[in-house]
Amino acid sequence: MSEAVWNSVLAEIEVSVSRASFVTWFKNTALEKSGEDKVTVLVPNIFAKQQLEVKFNDTIKGLLKKNGVDASSISYTIRSSSPKKEASAQSVKPSDDGVRPLPITRSGTNPVLNEKYNFENYIVGSGNELAYAACQSIALNPGTKYNPLFIYGGVGLGKTHLIQAVGNGILANDPGTKIVYVSTETFVNEFLDSIRFKKQGFADRYRSADVLIVDDIQFIAGKEKTQEEFFHTFNALHQSNKQIILTSDKPPKAIPTLEERLRSRFEWGMAIDIQPPDFETRQAIIQTKASNQGVILPDDVVEFLAKHIQTNIRELEGSLNQLIAYCELRGLEPDIATAQALLKGKQHRPKHLTPKNIVEKTSQHFDIAVVEIMSPKRDKSIVVPRQIAMYLLRSELHLSFPKIATELGRKDHTTAIHSVDKVERMLTDDYVTRQHIQEIRESLHA
Ligand code: ADP
Ligand code: MG
């Protein structure tokens with residue numbers, strides 16, 4: 001009885017709100033009659049609870065009444081045991097986007113994992129649903145199915161969030177699991193330290209893990225000794241059916257100078273990419289993140305943000321936080337005009353940034369002349385700035401390699417590829433280079 005009533009309520013809500021709202025807030029809800037004129041709506045998570053209470057309570061009440069349930073009060077309760085269905089890649093329907101509930105994870109036992117990264121607050125859309133399903137499956141049964149799991153995709157698309165959610169999920173189910181989570185940078189540094197200072201215990205720490213999660217494995221490129229060590233760690237764990245999860249900004253075959261034997265191992269299990277979120281998913285992400293902070297954004301603001309920031313969820317989040325902070329400080333309600341004004345200020349810079357700016361600022365920073373950086377000279381004092389300029393042309397303006405070569409007066413674009421690659425590698429373990437790049441970036445955006 002209550003199921004039929006609720007379906008009818010949902011049907012009406014579905015036609016009156018955006019699809020993203022509907023999927024985000026009403027999926028996995030149910031009605032429970034709790035007394036004469038009291039009803040309870042079961043919701044999958046705290047976000048849905050807040051949103052329904054604040055924004056939809058009157059609507060729901062009205063629609064219930066229309067369907068013969070005259071409730072004096074409605075309470076919203078988070079389902080205590082969300083359906084813990086095992087997600088598998090096969091069971092994912094491409095059209096099925098929105099939030100999938102899994103119990104809120106309370107790890108607390110692994111200081112390296114960040115509890116804020118959980119499945120609960122990860123919005124699923126067509127771009128990440130396979131990765132999400134695989135991760136959920138691993139969280140429930142580590143070491144059984146996809147081993148290793150290799151997730152790759154662009155910056156800010158939720159790779160780190162997802163793999164930490166796996167770690168948190170595993171700990172929630174089995175707090176005794178030994179999860180080792182590291183960035184590749186940390187792995188490399190610890191390994192180098194262990195050699196340099198003859199420190200004991202490096203290999204043990206990694207090889208005794210039940211679950212090894214390594215973020216941004218692309219940074220292992222070009223580091224032969226570390227690759228060798230990682231190869232042995234990988235084998236030891238894999239042989240004893242311990243779960244290995246890796247992320248990268250590119251697929252295994254596109255990681256330069258990766259030893260063949262490692263590459264093939266990365267491809268043993270399952271490699272899944274994460275694609276940028278579509279418009280609806282971006283809307284859902286914004287709504288969730290806002291309501292997470294107790295802010296309810298008008299639909300036009302949500303749409304505006306989702307339309308203007310398309311590829312990077314971190315950036316999307318940044319703009320949203322900026323908007324919320326701006327409005328909070330001034331006691332304003334977030335509206336479209338404010339959102340437009342804020343985003344405009346942001347977009348200004350990249351528009352005015354030209355290849356010429358980058359080449360000039362980089363030369364200036366290193367105190368060399370533009371003609372020198374453009375020249376064929378091979379002195380180290382000029383080669384390094386030139387490589388950095390190439391890297392910045394790539395990272396700031398996303399120029400193609402041939403275009404980058406041209407901007408620096410070169411015909412052959414393979415130099416540009418090598419330079420960008422080299423600087424990317426230096427960024428991981430060369431503090432000085434990182435510092436130079438940061439300073440040049442600051443001067444570019446000043
Ligand atoms: P990556 O590791 O791929 O560069 P992150 O995992 O660091 O990206 O994600 C960047 C930010 O965006 C994080 O704050 C993360 O919580 C958020 N984010 C990314 N994808 C999602 C998603 N699908 N749902 C909710 N938040 C997301
Ligand atoms: Mg990351």
# chains A, B, ... in the order shown; residues from 1 in each chain; ligands from 1
call {"tool": "residues_around", "arguments": {"residues": "A:Phe187", "least_positions_apart": "6", "cutoff": "9 Å", "atoms": "only C-alpha atoms", "output": "list in words"}}
result
Val214, Thr226 and Phe230 of chain A
call {"tool": "residues_near_ligand", "arguments": {"ligand": "ligand 1", "cutoff": "9 Å", "atoms": "only C-alpha atoms and all ligand atoms", "output": "PyMOL selection string"}}
result
chain A and resi 99+116-125+127-129+132+152-164+215-216+247-249+274+277+281-282+284-286+288-289+312-318
call {"tool": "residues_around", "arguments": {"residues": "A:Val41", "least_positions_apart": "4", "cutoff": "6 Å", "atoms": "only C-alpha atoms", "output": "PyMOL selection string"}}
result
chain A and resi 30-31+76
call {"tool": "select_by_dssp", "arguments": {"residues": "stretch 44-290 of chain A", "states": "helix (DSSP H, G or I)", "output": "mmCIF file with N, CA and C atoms, in the first residue's frame"}}
result
data_model
loop_
_atom_site.group_PDB
_atom_site.id
_atom_site.type_symbol
_atom_site.label_atom_id
_atom_site.label_comp_id
_atom_site.auth_asym_id
_atom_site.auth_seq_id
_atom_site.Cartn_x
_atom_site.Cartn_y
_atom_site.Cartn_z
ATOM 1 N N ILE A 46 22.395 11.254 4.425
ATOM 2 C CA ILE A 46 22.162 12.518 5.133
ATOM 3 C C ILE A 46 21.851 13.668 4.171
ATOM 4 N N PHE A 47 22.442 13.611 2.982
ATOM 5 C CA PHE A 47 22.209 14.702 2.029
ATOM 6 C C PHE A 47 20.756 14.706 1.566
ATOM 7 N N ALA A 48 20.296 13.516 1.232
ATOM 8 C CA ALA A 48 18.910 13.404 0.794
ATOM 9 C C ALA A 48 17.983 13.814 1.939
ATOM 10 N N LYS A 49 18.341 13.431 3.143
ATOM 11 C CA LYS A 49 17.515 13.789 4.291
ATOM 12 C C LYS A 49 17.389 15.309 4.412
ATOM 13 N N GLN A 50 18.518 15.985 4.388
ATOM 14 C CA GLN A 50 18.494 17.442 4.514
ATOM 15 C C GLN A 50 17.678 18.092 3.394
ATOM 16 N N GLN A 51 17.964 17.631 2.197
ATOM 17 C CA GLN A 51 17.321 18.238 1.041
ATOM 18 C C GLN A 51 15.804 18.044 1.089
ATOM 19 N N LEU A 52 15.380 16.846 1.407
ATOM 20 C CA LEU A 52 13.950 16.562 1.440
ATOM 21 C C LEU A 52 13.271 17.347 2.553
ATOM 22 N N GLU A 53 13.913 17.381 3.703
ATOM 23 C CA GLU A 53 13.347 18.118 4.836
ATOM 24 C C GLU A 53 13.176 19.594 4.509
ATOM 25 N N VAL A 54 14.241 20.162 3.976
ATOM 26 C CA VAL A 54 14.240 21.610 3.798
ATOM 27 C C VAL A 54 13.483 22.041 2.550
ATOM 28 N N LYS A 55 13.732 21.323 1.487
ATOM 29 C CA LYS A 55 13.242 21.842 0.219
ATOM 30 C C LYS A 55 11.961 21.178 -0.270
ATOM 31 N N PHE A 56 11.781 19.923 0.060
ATOM 32 C CA PHE A 56 10.671 19.215 -0.547
ATOM 33 C C PHE A 56 9.551 18.818 0.414
ATOM 34 N N ASN A 57 9.717 19.175 1.676
ATOM 35 C CA ASN A 57 8.743 18.700 2.657
ATOM 36 C C ASN A 57 7.295 19.056 2.288
ATOM 37 N N ASP A 58 7.084 20.321 1.927
ATOM 38 C CA ASP A 58 5.718 20.752 1.599
ATOM 39 C C ASP A 58 5.177 20.026 0.374
ATOM 40 N N THR A 59 6.034 19.914 -0.623
ATOM 41 C CA THR A 59 5.626 19.215 -1.839
ATOM 42 C C THR A 59 5.214 17.784 -1.511
ATOM 43 N N ILE A 60 6.060 17.128 -0.737
ATOM 44 C CA ILE A 60 5.786 15.730 -0.409
ATOM 45 C C ILE A 60 4.482 15.614 0.371
ATOM 46 N N LYS A 61 4.320 16.512 1.302
ATOM 47 C CA LYS A 61 3.108 16.507 2.115
ATOM 48 C C LYS A 61 1.863 16.658 1.231
ATOM 49 N N GLY A 62 1.948 17.634 0.335
ATOM 50 C CA GLY A 62 0.830 17.891 -0.572
ATOM 51 C C GLY A 62 0.509 16.687 -1.436
ATOM 52 N N LEU A 63 1.564 16.087 -1.963
ATOM 53 C CA LEU A 63 1.357 14.953 -2.860
ATOM 54 C C LEU A 63 0.838 13.725 -2.108
ATOM 55 N N LEU A 64 1.300 13.575 -0.877
ATOM 56 C CA LEU A 64 0.781 12.458 -0.075
ATOM 57 C C LEU A 64 -0.710 12.633 0.145
ATOM 58 N N LYS A 65 -1.069 13.856 0.436
ATOM 59 C CA LYS A 65 -2.479 14.150 0.694
ATOM 60 C C LYS A 65 -3.319 13.835 -0.544
ATOM 61 N N LYS A 66 -2.793 14.261 -1.672
ATOM 62 C CA LYS A 66 -3.463 14.004 -2.931
ATOM 63 C C LYS A 66 -3.675 12.502 -3.149
ATOM 64 N N ALA A 89 30.456 -5.147 -12.591
ATOM 65 C CA ALA A 89 30.483 -4.370 -13.818
ATOM 66 C C ALA A 89 29.310 -4.739 -14.711
ATOM 67 N N GLN A 90 28.960 -6.005 -14.704
ATOM 68 C CA GLN A 90 27.902 -6.441 -15.605
ATOM 69 C C GLN A 90 26.533 -5.880 -15.219
ATOM 70 N N SER A 91 26.348 -5.666 -13.932
ATOM 71 C CA SER A 91 25.012 -5.285 -13.514
ATOM 72 C C SER A 91 24.758 -3.784 -13.657
ATOM 73 N N GLU A 129 30.699 5.185 -13.718
ATOM 74 C CA GLU A 129 29.920 4.123 -13.061
ATOM 75 C C GLU A 129 30.609 2.757 -13.074
ATOM 76 N N LEU A 130 31.378 2.512 -14.122
ATOM 77 C CA LEU A 130 32.079 1.222 -14.139
ATOM 78 C C LEU A 130 33.133 1.181 -13.046
ATOM 79 N N ALA A 131 33.885 2.263 -12.958
ATOM 80 C CA ALA A 131 34.927 2.337 -11.933
ATOM 81 C C ALA A 131 34.287 2.218 -10.556
ATOM 82 N N TYR A 132 33.170 2.896 -10.387
ATOM 83 C CA TYR A 132 32.471 2.876 -9.103
ATOM 84 C C TYR A 132 32.003 1.464 -8.763
ATOM 85 N N ALA A 133 31.432 0.804 -9.751
ATOM 86 C CA ALA A 133 30.925 -0.553 -9.505
ATOM 87 C C ALA A 133 32.065 -1.497 -9.135
ATOM 88 N N ALA A 134 33.168 -1.373 -9.862
ATOM 89 C CA ALA A 134 34.315 -2.236 -9.559
ATOM 90 C C ALA A 134 34.825 -1.957 -8.147
ATOM 91 N N CYS A 135 34.871 -0.689 -7.787
ATOM 92 C CA CYS A 135 35.377 -0.327 -6.460
ATOM 93 C C CYS A 135 34.451 -0.831 -5.355
ATOM 94 N N GLN A 136 33.163 -0.741 -5.596
ATOM 95 C CA GLN A 136 32.234 -1.241 -4.579
ATOM 96 C C GLN A 136 32.376 -2.749 -4.424
ATOM 97 N N SER A 137 32.541 -3.396 -5.548
ATOM 98 C CA SER A 137 32.692 -4.834 -5.515
ATOM 99 C C SER A 137 33.947 -5.216 -4.721
ATOM 100 N N ILE A 138 35.011 -4.469 -4.942
ATOM 101 C CA ILE A 138 36.255 -4.745 -4.215
ATOM 102 C C ILE A 138 36.103 -4.438 -2.731
ATOM 103 N N ALA A 139 35.365 -3.375 -2.428
ATOM 104 C CA ALA A 139 35.178 -3.017 -1.019
ATOM 105 C C ALA A 139 34.474 -4.156 -0.271
ATOM 106 N N LEU A 140 33.609 -4.849 -0.980
ATOM 107 C CA LEU A 140 32.899 -5.945 -0.327
ATOM 108 C C LEU A 140 33.722 -7.238 -0.304
ATOM 109 N N LYS A 159 39.487 10.056 -8.965
ATOM 110 C CA LYS A 159 40.212 8.798 -8.783
ATOM 111 C C LYS A 159 40.615 8.601 -7.322
ATOM 112 N N THR A 160 41.227 9.622 -6.767
ATOM 113 C CA THR A 160 41.679 9.512 -5.378
ATOM 114 C C THR A 160 40.498 9.286 -4.441
ATOM 115 N N HIS A 161 39.442 10.032 -4.681
ATOM 116 C CA HIS A 161 38.237 9.879 -3.864
ATOM 117 C C HIS A 161 37.768 8.414 -3.875
ATOM 118 N N LEU A 162 37.698 7.877 -5.066
ATOM 119 C CA LEU A 162 37.150 6.532 -5.220
ATOM 120 C C LEU A 162 38.011 5.462 -4.547
ATOM 121 N N ILE A 163 39.319 5.547 -4.720
ATOM 122 C CA ILE A 163 40.147 4.478 -4.137
ATOM 123 C C ILE A 163 40.234 4.613 -2.621
ATOM 124 N N GLN A 164 40.111 5.854 -2.129
ATOM 125 C CA GLN A 164 40.079 5.990 -0.667
ATOM 126 C C GLN A 164 38.748 5.466 -0.140
ATOM 127 N N ALA A 165 37.713 5.645 -0.932
ATOM 128 C CA ALA A 165 36.404 5.101 -0.535
ATOM 129 C C ALA A 165 36.497 3.574 -0.412
ATOM 130 N N VAL A 166 37.259 2.959 -1.301
ATOM 131 C CA VAL A 166 37.425 1.502 -1.198
ATOM 132 C C VAL A 166 38.091 1.168 0.130
ATOM 133 N N GLY A 167 39.165 1.888 0.416
ATOM 134 C CA GLY A 167 39.879 1.639 1.669
ATOM 135 C C GLY A 167 38.956 1.812 2.868
ATOM 136 N N ASN A 168 38.225 2.908 2.882
ATOM 137 C CA ASN A 168 37.302 3.156 3.991
ATOM 138 C C ASN A 168 36.204 2.105 4.053
ATOM 139 N N GLY A 169 35.739 1.698 2.878
ATOM 140 C CA GLY A 169 34.683 0.681 2.826
ATOM 141 C C GLY A 169 35.169 -0.654 3.375
ATOM 142 N N ILE A 170 36.381 -1.028 3.006
ATOM 143 C CA ILE A 170 36.930 -2.296 3.492
ATOM 144 C C ILE A 170 37.079 -2.256 5.009
ATOM 145 N N LEU A 171 37.584 -1.133 5.497
ATOM 146 C CA LEU A 171 37.766 -1.011 6.951
ATOM 147 C C LEU A 171 36.438 -1.035 7.697
ATOM 148 N N ALA A 172 35.419 -0.473 7.063
ATOM 149 C CA ALA A 172 34.114 -0.471 7.720
ATOM 150 C C ALA A 172 33.592 -1.902 7.868
ATOM 151 N N ASN A 173 33.863 -2.713 6.853
ATOM 152 C CA ASN A 173 33.403 -4.107 6.912
ATOM 153 C C ASN A 173 34.295 -4.960 7.801
ATOM 154 N N THR A 184 52.255 7.639 -5.091
ATOM 155 C CA THR A 184 53.470 7.092 -5.679
ATOM 156 C C THR A 184 54.681 7.896 -5.224
ATOM 157 N N GLU A 185 54.458 9.187 -5.059
ATOM 158 C CA GLU A 185 55.530 10.054 -4.583
ATOM 159 C C GLU A 185 56.079 9.541 -3.247
ATOM 160 N N THR A 186 55.182 9.216 -2.327
ATOM 161 C CA THR A 186 55.617 8.708 -1.032
ATOM 162 C C THR A 186 56.334 7.376 -1.182
ATOM 163 N N PHE A 187 55.794 6.523 -2.020
ATOM 164 C CA PHE A 187 56.426 5.218 -2.229
ATOM 165 C C PHE A 187 57.863 5.417 -2.726
ATOM 166 N N VAL A 188 58.008 6.282 -3.704
ATOM 167 C CA VAL A 188 59.338 6.539 -4.268
ATOM 168 C C VAL A 188 60.265 7.097 -3.193
ATOM 169 N N ASN A 189 59.782 8.097 -2.468
ATOM 170 C CA ASN A 189 60.633 8.719 -1.454
ATOM 171 C C ASN A 189 61.025 7.749 -0.358
ATOM 172 N N GLU A 190 60.067 6.975 0.098
ATOM 173 C CA GLU A 190 60.386 6.013 1.160
ATOM 174 C C GLU A 190 61.382 4.981 0.664
ATOM 175 N N PHE A 191 61.197 4.580 -0.572
ATOM 176 C CA PHE A 191 62.119 3.595 -1.132
ATOM 177 C C PHE A 191 63.532 4.173 -1.217
ATOM 178 N N LEU A 192 63.640 5.389 -1.744
ATOM 179 C CA LEU A 192 64.957 6.011 -1.869
ATOM 180 C C LEU A 192 65.603 6.211 -0.503
ATOM 181 N N ASP A 193 64.784 6.641 0.459
ATOM 182 C CA ASP A 193 65.304 6.811 1.822
ATOM 183 C C ASP A 193 65.832 5.498 2.379
ATOM 184 N N SER A 194 65.076 4.437 2.099
ATOM 185 C CA SER A 194 65.465 3.145 2.672
ATOM 186 C C SER A 194 66.823 2.713 2.133
ATOM 187 N N ILE A 195 67.111 3.118 0.900
ATOM 188 C CA ILE A 195 68.434 2.775 0.349
ATOM 189 C C ILE A 195 69.481 3.728 0.893
ATOM 190 N N ARG A 196 69.154 4.999 0.812
ATOM 191 C CA ARG A 196 70.104 6.032 1.207
ATOM 192 C C ARG A 196 70.530 5.875 2.656
ATOM 193 N N PHE A 202 61.242 -1.362 4.850
ATOM 194 C CA PHE A 202 60.476 -0.823 3.728
ATOM 195 C C PHE A 202 59.688 -1.929 3.003
ATOM 196 N N ALA A 203 60.422 -2.947 2.592
ATOM 197 C CA ALA A 203 59.767 -4.018 1.832
ATOM 198 C C ALA A 203 58.667 -4.681 2.659
ATOM 199 N N ASP A 204 58.953 -4.917 3.919
ATOM 200 C CA ASP A 204 57.979 -5.573 4.799
ATOM 201 C C ASP A 204 56.682 -4.802 4.912
ATOM 202 N N ARG A 205 56.853 -3.507 5.103
ATOM 203 C CA ARG A 205 55.667 -2.674 5.299
ATOM 204 C C ARG A 205 54.699 -2.852 4.142
ATOM 205 N N TYR A 206 55.234 -2.871 2.927
ATOM 206 C CA TYR A 206 54.355 -2.970 1.771
ATOM 207 C C TYR A 206 53.913 -4.398 1.514
ATOM 208 N N ARG A 207 54.838 -5.323 1.750
ATOM 209 C CA ARG A 207 54.500 -6.711 1.410
ATOM 210 C C ARG A 207 53.610 -7.378 2.437
ATOM 211 N N ILE A 217 50.204 6.220 -10.092
ATOM 212 C CA ILE A 217 51.336 5.344 -10.396
ATOM 213 C C ILE A 217 52.102 5.825 -11.634
ATOM 214 N N GLN A 218 51.507 6.727 -12.416
ATOM 215 C CA GLN A 218 52.249 7.225 -13.590
ATOM 216 C C GLN A 218 53.574 7.861 -13.186
ATOM 217 N N PHE A 219 53.666 8.322 -11.936
ATOM 218 C CA PHE A 219 54.903 8.976 -11.494
ATOM 219 C C PHE A 219 56.054 7.997 -11.271
ATOM 220 N N ILE A 220 55.789 6.736 -11.452
ATOM 221 C CA ILE A 220 56.866 5.767 -11.324
ATOM 222 C C ILE A 220 57.664 5.707 -12.624
ATOM 223 N N GLU A 224 63.746 3.566 -12.533
ATOM 224 C CA GLU A 224 63.987 2.133 -12.723
ATOM 225 C C GLU A 224 64.042 1.333 -11.444
ATOM 226 N N LYS A 225 64.813 1.850 -10.496
ATOM 227 C CA LYS A 225 64.988 1.093 -9.251
ATOM 228 C C LYS A 225 63.672 0.961 -8.502
ATOM 229 N N THR A 226 62.924 2.023 -8.485
ATOM 230 C CA THR A 226 61.627 1.964 -7.804
ATOM 231 C C THR A 226 60.700 0.991 -8.526
ATOM 232 N N GLN A 227 60.773 1.005 -9.847
ATOM 233 C CA GLN A 227 59.930 0.081 -10.600
ATOM 234 C C GLN A 227 60.256 -1.366 -10.254
ATOM 235 N N GLU A 228 61.545 -1.606 -10.100
ATOM 236 C CA GLU A 228 61.955 -2.968 -9.785
ATOM 237 C C GLU A 228 61.409 -3.378 -8.419
ATOM 238 N N GLU A 229 61.544 -2.470 -7.466
ATOM 239 C CA GLU A 229 61.045 -2.753 -6.124
ATOM 240 C C GLU A 229 59.525 -2.968 -6.157
ATOM 241 N N PHE A 230 58.865 -2.105 -6.895
ATOM 242 C CA PHE A 230 57.416 -2.216 -6.962
ATOM 243 C C PHE A 230 56.991 -3.534 -7.616
ATOM 244 N N PHE A 231 57.772 -3.941 -8.596
ATOM 245 C CA PHE A 231 57.515 -5.214 -9.275
ATOM 246 C C PHE A 231 57.496 -6.368 -8.261
ATOM 247 N N HIS A 232 58.484 -6.381 -7.371
ATOM 248 C CA HIS A 232 58.554 -7.462 -6.380
ATOM 249 C C HIS A 232 57.419 -7.358 -5.364
ATOM 250 N N THR A 233 57.131 -6.145 -4.961
ATOM 251 C CA THR A 233 56.008 -5.945 -4.039
ATOM 252 C C THR A 233 54.721 -6.454 -4.670
ATOM 253 N N PHE A 234 54.540 -6.052 -5.914
ATOM 254 C CA PHE A 234 53.341 -6.445 -6.649
ATOM 255 C C PHE A 234 53.211 -7.970 -6.686
ATOM 256 N N ASN A 235 54.292 -8.621 -7.073
ATOM 257 C CA ASN A 235 54.238 -10.078 -7.185
ATOM 258 C C ASN A 235 53.924 -10.748 -5.861
ATOM 259 N N ALA A 236 54.595 -10.276 -4.819
ATOM 260 C CA ALA A 236 54.388 -10.891 -3.510
ATOM 261 C C ALA A 236 52.918 -10.794 -3.112
ATOM 262 N N LEU A 237 52.345 -9.632 -3.297
ATOM 263 C CA LEU A 237 50.952 -9.443 -2.891
ATOM 264 C C LEU A 237 49.999 -10.209 -3.789
ATOM 265 N N HIS A 238 50.242 -10.105 -5.067
ATOM 266 C CA HIS A 238 49.321 -10.719 -6.012
ATOM 267 C C HIS A 238 49.284 -12.238 -5.824
ATOM 268 N N GLN A 239 50.464 -12.807 -5.577
ATOM 269 C CA GLN A 239 50.526 -14.256 -5.391
ATOM 270 C C GLN A 239 49.709 -14.727 -4.202
ATOM 271 N N PRO A 252 47.933 2.017 -18.706
ATOM 272 C CA PRO A 252 49.278 1.456 -18.566
ATOM 273 C C PRO A 252 50.117 1.598 -19.836
ATOM 274 N N LYS A 253 49.493 1.366 -20.972
ATOM 275 C CA LYS A 253 50.315 1.375 -22.190
ATOM 276 C C LYS A 253 50.783 2.786 -22.564
ATOM 277 N N ALA A 254 50.176 3.804 -21.976
ATOM 278 C CA ALA A 254 50.578 5.171 -22.310
ATOM 279 C C ALA A 254 51.549 5.767 -21.292
ATOM 280 N N GLU A 260 58.248 -3.180 -19.257
ATOM 281 C CA GLU A 260 57.234 -4.019 -19.873
ATOM 282 C C GLU A 260 56.584 -4.987 -18.871
ATOM 283 N N ARG A 261 57.414 -5.562 -18.003
ATOM 284 C CA ARG A 261 56.849 -6.565 -17.088
ATOM 285 C C ARG A 261 55.866 -5.925 -16.095
ATOM 286 N N LEU A 262 56.103 -4.657 -15.771
ATOM 287 C CA LEU A 262 55.146 -3.977 -14.886
ATOM 288 C C LEU A 262 53.880 -3.629 -15.652
ATOM 289 N N ARG A 263 54.098 -3.114 -16.853
ATOM 290 C CA ARG A 263 52.953 -2.745 -17.687
ATOM 291 C C ARG A 263 52.011 -3.933 -17.849
ATOM 292 N N SER A 264 52.589 -5.072 -18.147
ATOM 293 C CA SER A 264 51.710 -6.225 -18.392
ATOM 294 C C SER A 264 50.993 -6.612 -17.095
ATOM 295 N N ARG A 265 51.673 -6.462 -15.962
ATOM 296 C CA ARG A 265 50.996 -6.775 -14.702
ATOM 297 C C ARG A 265 49.853 -5.791 -14.412
ATOM 298 N N PHE A 266 50.074 -4.554 -14.741
ATOM 299 C CA PHE A 266 49.007 -3.568 -14.512
ATOM 300 C C PHE A 266 47.768 -3.925 -15.335
ATOM 301 N N PHE A 279 26.619 16.640 -17.973
ATOM 302 C CA PHE A 279 25.958 17.810 -17.394
ATOM 303 C C PHE A 279 25.104 17.444 -16.175
ATOM 304 N N GLU A 280 24.340 16.389 -16.316
ATOM 305 C CA GLU A 280 23.469 15.990 -15.202
ATOM 306 C C GLU A 280 24.270 15.575 -13.974
ATOM 307 N N THR A 281 25.328 14.863 -14.222
ATOM 308 C CA THR A 281 26.154 14.435 -13.094
ATOM 309 C C THR A 281 26.797 15.643 -12.422
ATOM 310 N N ARG A 282 27.216 16.597 -13.239
ATOM 311 C CA ARG A 282 27.818 17.805 -12.648
ATOM 312 C C ARG A 282 26.796 18.523 -11.774
ATOM 313 N N GLN A 283 25.563 18.569 -12.253
ATOM 314 C CA GLN A 283 24.513 19.198 -11.447
ATOM 315 C C GLN A 283 24.334 18.467 -10.121
ATOM 316 N N ALA A 284 24.309 17.162 -10.228
ATOM 317 C CA ALA A 284 24.110 16.369 -9.016
ATOM 318 C C ALA A 284 25.271 16.578 -8.042
ATOM 319 N N ILE A 285 26.463 16.662 -8.572
ATOM 320 C CA ILE A 285 27.631 16.862 -7.704
ATOM 321 C C ILE A 285 27.516 18.205 -6.978
ATOM 322 N N ILE A 286 27.149 19.229 -7.731
ATOM 323 C CA ILE A 286 27.039 20.556 -7.120
ATOM 324 C C ILE A 286 25.973 20.562 -6.034
ATOM 325 N N GLN A 287 24.840 19.963 -6.354
ATOM 326 C CA GLN A 287 23.765 19.936 -5.362
ATOM 327 C C GLN A 287 24.182 19.204 -4.097
ATOM 328 N N THR A 288 24.831 18.079 -4.293
ATOM 329 C CA THR A 288 25.242 17.308 -3.118
ATOM 330 C C THR A 288 26.258 18.070 -2.287
ATOM 331 N N LYS A 289 27.243 18.639 -2.966
ATOM 332 C CA LYS A 289 28.297 19.342 -2.231
ATOM 333 C C LYS A 289 27.738 20.555 -1.506
ATOM 334 N N ALA A 290 26.787 21.226 -2.136
ATOM 335 C CA ALA A 290 26.199 22.394 -1.484
ATOM 336 C C ALA A 290 25.399 21.957 -0.261
#
call {"tool": "atom_distance", "arguments": {"atom1": "atom CA of A:Ser291", "atom2": "atom CA of A:Ser21"}}
result
11.9 Å
call {"tool": "residues_around", "arguments": {"residues": "A:Ile437", "least_positions_apart": "4", "cutoff": "10 Å", "atoms": "only C-alpha atoms", "output": "CSV table (one decimal) with N, CA, C and O atoms, in the first residue's frame"}}
result
chain,number,residue,atom,x,y,z
A,362,THR,N,58.7,32.9,-18.4
A,362,THR,CA,59.6,31.9,-18.0
A,362,THR,C,61.1,32.4,-18.2
A,362,THR,O,61.9,32.2,-17.4
A,365,HIS,N,61.9,34.8,-15.5
A,365,HIS,CA,62.1,34.2,-14.2
A,365,HIS,C,63.5,33.7,-14.2
A,365,HIS,O,64.2,33.7,-13.1
A,385,PRO,N,65.1,26.0,-18.6
A,385,PRO,CA,64.0,27.0,-18.7
A,385,PRO,C,63.1,26.6,-20.0
A,385,PRO,O,61.9,26.7,-19.9
A,388,ILE,N,60.8,23.9,-19.2
A,388,ILE,CA,59.8,24.3,-18.3
A,388,ILE,C,58.7,25.1,-19.0
A,388,ILE,O,57.5,25.0,-18.8
A,389,ALA,N,59.2,26.0,-20.0
A,389,ALA,CA,58.3,26.7,-20.8
A,389,ALA,C,57.4,25.8,-21.6
A,389,ALA,O,56.2,26.0,-21.6
A,391,TYR,N,56.6,22.8,-20.8
A,391,TYR,CA,55.7,22.1,-19.8
A,391,TYR,C,54.5,23.1,-19.5
A,391,TYR,O,53.3,22.7,-19.4
A,392,LEU,N,54.8,24.3,-19.3
A,392,LEU,CA,53.8,25.3,-18.9
A,392,LEU,C,52.8,25.5,-20.1
A,392,LEU,O,51.6,25.7,-19.9
A,423,VAL,N,59.8,17.2,-17.4
A,423,VAL,CA,59.4,18.1,-16.3
A,423,VAL,C,58.4,17.5,-15.4
A,423,VAL,O,58.4,17.6,-14.2
A,427,LEU,N,58.9,17.0,-11.4
A,427,LEU,CA,57.9,17.6,-10.5
A,427,LEU,C,57.7,16.7,-9.3
A,427,LEU,O,57.5,17.2,-8.2
A,431,TYR,N,62.4,19.3,-5.8
A,431,TYR,CA,61.8,20.4,-5.2
A,431,TYR,C,62.0,21.7,-5.8
A,431,TYR,O,61.2,22.6,-6.0
A,432,VAL,N,63.3,21.9,-6.3
A,432,VAL,CA,63.7,23.2,-6.9
A,432,VAL,C,62.8,23.4,-8.2
A,432,VAL,O,62.3,24.5,-8.3
A,433,THR,N,62.7,22.4,-9.0
A,433,THR,CA,61.9,22.6,-10.2
A,433,THR,C,60.5,23.0,-9.9
A,433,THR,O,59.8,23.8,-10.4
A,441,ARG,N,54.1,30.3,-12.4
A,441,ARG,CA,52.7,30.2,-12.5
A,441,ARG,C,52.1,31.4,-11.8
A,441,ARG,O,51.1,32.0,-12.2
A,442,GLU,N,52.6,31.7,-10.6
A,442,GLU,CA,52.1,32.8,-9.8
A,442,GLU,C,52.2,34.1,-10.6
A,442,GLU,O,51.3,34.9,-10.6
A,443,SER,N,53.4,34.3,-11.2
A,443,SER,CA,53.6,35.5,-12.0
A,443,SER,C,52.7,35.6,-13.2
A,443,SER,O,52.2,36.6,-13.6
call {"tool": "residues_around", "arguments": {"residues": "A:Ser419", "least_positions_apart": "5", "cutoff": "10 Å", "atoms": "only C-alpha atoms", "output": "PyMOL selection string"}}
result
chain A and resi 383-384+386-391+413-414+424-425
call {"tool": "closest_residue", "arguments": {"among": "A:Val39, A:Ile151, A:Met374, A:Val420", "to": "ligand 2", "atoms": "only C-alpha atoms and all ligand atoms"}}
result
A:Ile151
call {"tool": "atom_distance", "arguments": {"atom1": "atom CA of A:Ile245", "atom2": "atom CA of A:Met270"}}
result
9.8 Å
